[in-house]
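Read through the structure below, which is laid out as structure tokens, and then see the notes.
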Amino acid sequence: MATGDPIVQIGLFPPNLSSVLWSFLSNLTGDSPPPGKHFGDIKQDITPPKRGSFRKGDRPSATFWTANPRYDLLTEGTFASVEMLQGKAWVPTYDDDDFCLYFKWKQDNSYIYSLATIEWEVPEEASPGTYRLRHFGSSKKTEESPNQYFTGASSAFTVS
């Protein structure tokens, strides 16, 4: 090494077989929400606990009509966030970088429509206040069409 000699002799590189590999991911062909719905609309809103507000360790969740997240991985953004009401503004508090927030995508039972469930495990450090869950995504009508970005929000709920 000190003399500049390679440690290992360079041999042949293995062949590139990427063109013959199997993929279990289906082709993206375009999405559409159910009739009368829009991407980002709520399918199942948050159900508040009987005591009225959520506590640390509780798991509020909401399900949204969405598109396949593979259209845009939102590497510079997020699919899910928790926002806290501060004054009159909603301020992002947690997003899908945080271990307490879960984003789950699936197709519904018809395999035609997509659903995103956002679940937040209220962490010990969460401040009491009013919160909501927010979903972000993008859709395409066809594989060639440009991305259309959308968002949706749950109803507000309280954490005590």
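Ligands are numbered from 1 in the order shown, residues from 1 within each chain, and chains are lettered A, B, ... in the order they appear in the structure tokens.
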Using 12 Å as the limit and counting only C-alpha atoms, can you tabulate each residue of range 51-100 of chain A that touches range 153-156 of chain A, with its shortest atom-to-atom distance in Å and the two atoms involved, as a Markdown table?
```
| residue | atom | partner | partner_atom | distance |
| --- | --- | --- | --- | --- |
| A:Ser53 | CA | A:Ala156 | CA | 10.7 |
| A:Phe54 | CA | A:Ala156 | CA | 11.5 |
| A:Pro60 | CA | A:Ser154 | CA | 10.2 |
| A:Ser61 | CA | A:Ser154 | CA | 8.8 |
| A:Ala62 | CA | A:Ser154 | CA | 6.5 |
| A:Thr63 | CA | A:Ser154 | CA | 8.6 |
| A:Phe64 | CA | A:Ala153 | CA | 8.5 |
| A:Trp65 | CA | A:Ala153 | CA | 11.2 |
| A:Phe79 | CA | A:Ala153 | CA | 11.8 |
| A:Ala80 | CA | A:Ala153 | CA | 9.7 |
| A:Ser81 | CA | A:Ala153 | CA | 9.5 |
| A:Val82 | CA | A:Ala153 | CA | 9.5 |
| A:Glu83 | CA | A:Ala156 | CA | 9.4 |
| A:Met84 | CA | A:Ala156 | CA | 9.1 |
| A:Leu85 | CA | A:Ala156 | CA | 8.8 |
| A:Trp90 | CA | A:Ala156 | CA | 10.4 |
```
Using only C-alpha atoms, please write the residues we just selected to a file, as a PDB file, in the first residue's frame.
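Ended up saving to part_15.pdb:
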```pdb
ATOM      1  CA  SER A  53     -58.588  13.916  24.676  1.00  0.00           C
ATOM      2  CA  PHE A  54     -55.640  11.723  23.839  1.00  0.00           C
ATOM      3  CA  PRO A  60     -54.773   8.601  17.063  1.00  0.00           C
ATOM      4  CA  SER A  61     -55.052   7.573  13.410  1.00  0.00           C
ATOM      5  CA  ALA A  62     -56.824   8.619  10.224  1.00  0.00           C
ATOM      6  CA  THR A  63     -57.158   6.995   6.796  1.00  0.00           C
ATOM      7  CA  PHE A  64     -57.091   9.002   3.557  1.00  0.00           C
ATOM      8  CA  TRP A  65     -57.883   8.249  -0.084  1.00  0.00           C
ATOM      9  CA  PHE A  79     -45.998  11.760   3.281  1.00  0.00           C
ATOM     10  CA  ALA A  80     -47.288  12.415   6.790  1.00  0.00           C
ATOM     11  CA  SER A  81     -47.059  15.035   9.482  1.00  0.00           C
ATOM     12  CA  VAL A  82     -48.560  15.982  12.808  1.00  0.00           C
ATOM     13  CA  GLU A  83     -49.408  19.664  13.081  1.00  0.00           C
ATOM     14  CA  MET A  84     -50.081  21.608  16.263  1.00  0.00           C
ATOM     15  CA  LEU A  85     -52.380  24.618  16.365  1.00  0.00           C
ATOM     16  CA  TRP A  90     -50.986  24.955  12.039  1.00  0.00           C
TER      17      TRP A  90
END
```
- prompt: Per DSSP on the backbone, what are the strand (DSSP E) residues of range 26-120 of chain A, as a PyMOL selection string?
  reply: chain A and resi 42-44+61-66+80-86+89-95+101-107+114-120
Limited to C-alpha atoms, could you put the picked residues into a file as a short mmCIF file (atom, residue, chain, number, x, y, z; two decimals), in the first residue's frame?
```
data_model
loop_
_atom_site.label_atom_id
_atom_site.label_comp_id
_atom_site.auth_asym_id
_atom_site.auth_seq_id
_atom_site.Cartn_x
_atom_site.Cartn_y
_atom_site.Cartn_z
CA ILE A 42 -60.74 11.34 4.66
CA LYS A 43 -62.04 7.77 4.54
CA GLN A 44 -61.87 7.20 8.31
CA SER A 61 -55.05 7.57 13.41
CA ALA A 62 -56.82 8.62 10.22
CA THR A 63 -57.16 7.00 6.80
CA PHE A 64 -57.09 9.00 3.56
CA TRP A 65 -57.88 8.25 -0.08
CA THR A 66 -54.50 8.47 -1.78
CA ALA A 80 -47.29 12.41 6.79
CA SER A 81 -47.06 15.03 9.48
CA VAL A 82 -48.56 15.98 12.81
CA GLU A 83 -49.41 19.66 13.08
CA MET A 84 -50.08 21.61 16.26
CA LEU A 85 -52.38 24.62 16.37
CA GLN A 86 -50.43 27.64 17.62
CA ALA A 89 -51.65 28.68 12.40
CA TRP A 90 -50.99 24.95 12.04
CA VAL A 91 -47.30 24.30 12.72
CA PRO A 92 -45.62 21.02 11.66
CA THR A 93 -44.45 19.25 14.82
CA TYR A 94 -43.63 15.68 13.72
CA ASP A 95 -43.20 14.09 10.29
CA LEU A 101 -45.39 8.68 13.30
CA TYR A 102 -46.40 5.80 11.03
CA PHE A 103 -47.41 6.01 7.37
CA LYS A 104 -49.04 2.87 5.95
CA TRP A 105 -50.08 2.57 2.30
CA LYS A 106 -52.26 -0.19 0.87
CA GLN A 107 -54.74 -0.85 -1.88
CA SER A 114 -55.29 3.36 -2.57
CA LEU A 115 -55.48 4.17 1.12
CA ALA A 116 -52.97 5.83 3.43
CA THR A 117 -53.29 5.40 7.18
CA ILE A 118 -51.40 7.82 9.38
CA GLU A 119 -50.97 6.80 12.99
CA TRP A 120 -49.25 8.87 15.67
#
```
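CA of Arg55 in chain A to CA of Gly77 in chain A spans 27.9 Å [interatomic distance, one decimal].
One distance worth recording is that between CA of Cys100 in chain A and CA of Lys88 in chain A, which is 25.1 Å.
Among the candidates A:Ile112, A:Gly40, A:Ala126, A:Asp58, the residue lying nearest to Tyr149 in chain A is A:Gly40 (atoms considered: only C-alpha atoms).
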message: Give me the residues near Gly52 in chain A as a VMD selection string, where near means some atom within 9 Å (using only C-alpha atoms) and where sequence neighbours in that chain fewer than 4 positions away do not count.
response: chain A and resid 48 157 to 158
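Neighbours of range 27-30 of chain A closer than or equal to 7 Å, with only C-alpha atoms counted and sequence neighbours fewer than 6 positions away skipped, come out as Lys140, Lys141, Thr142 and Glu143 of chain A.
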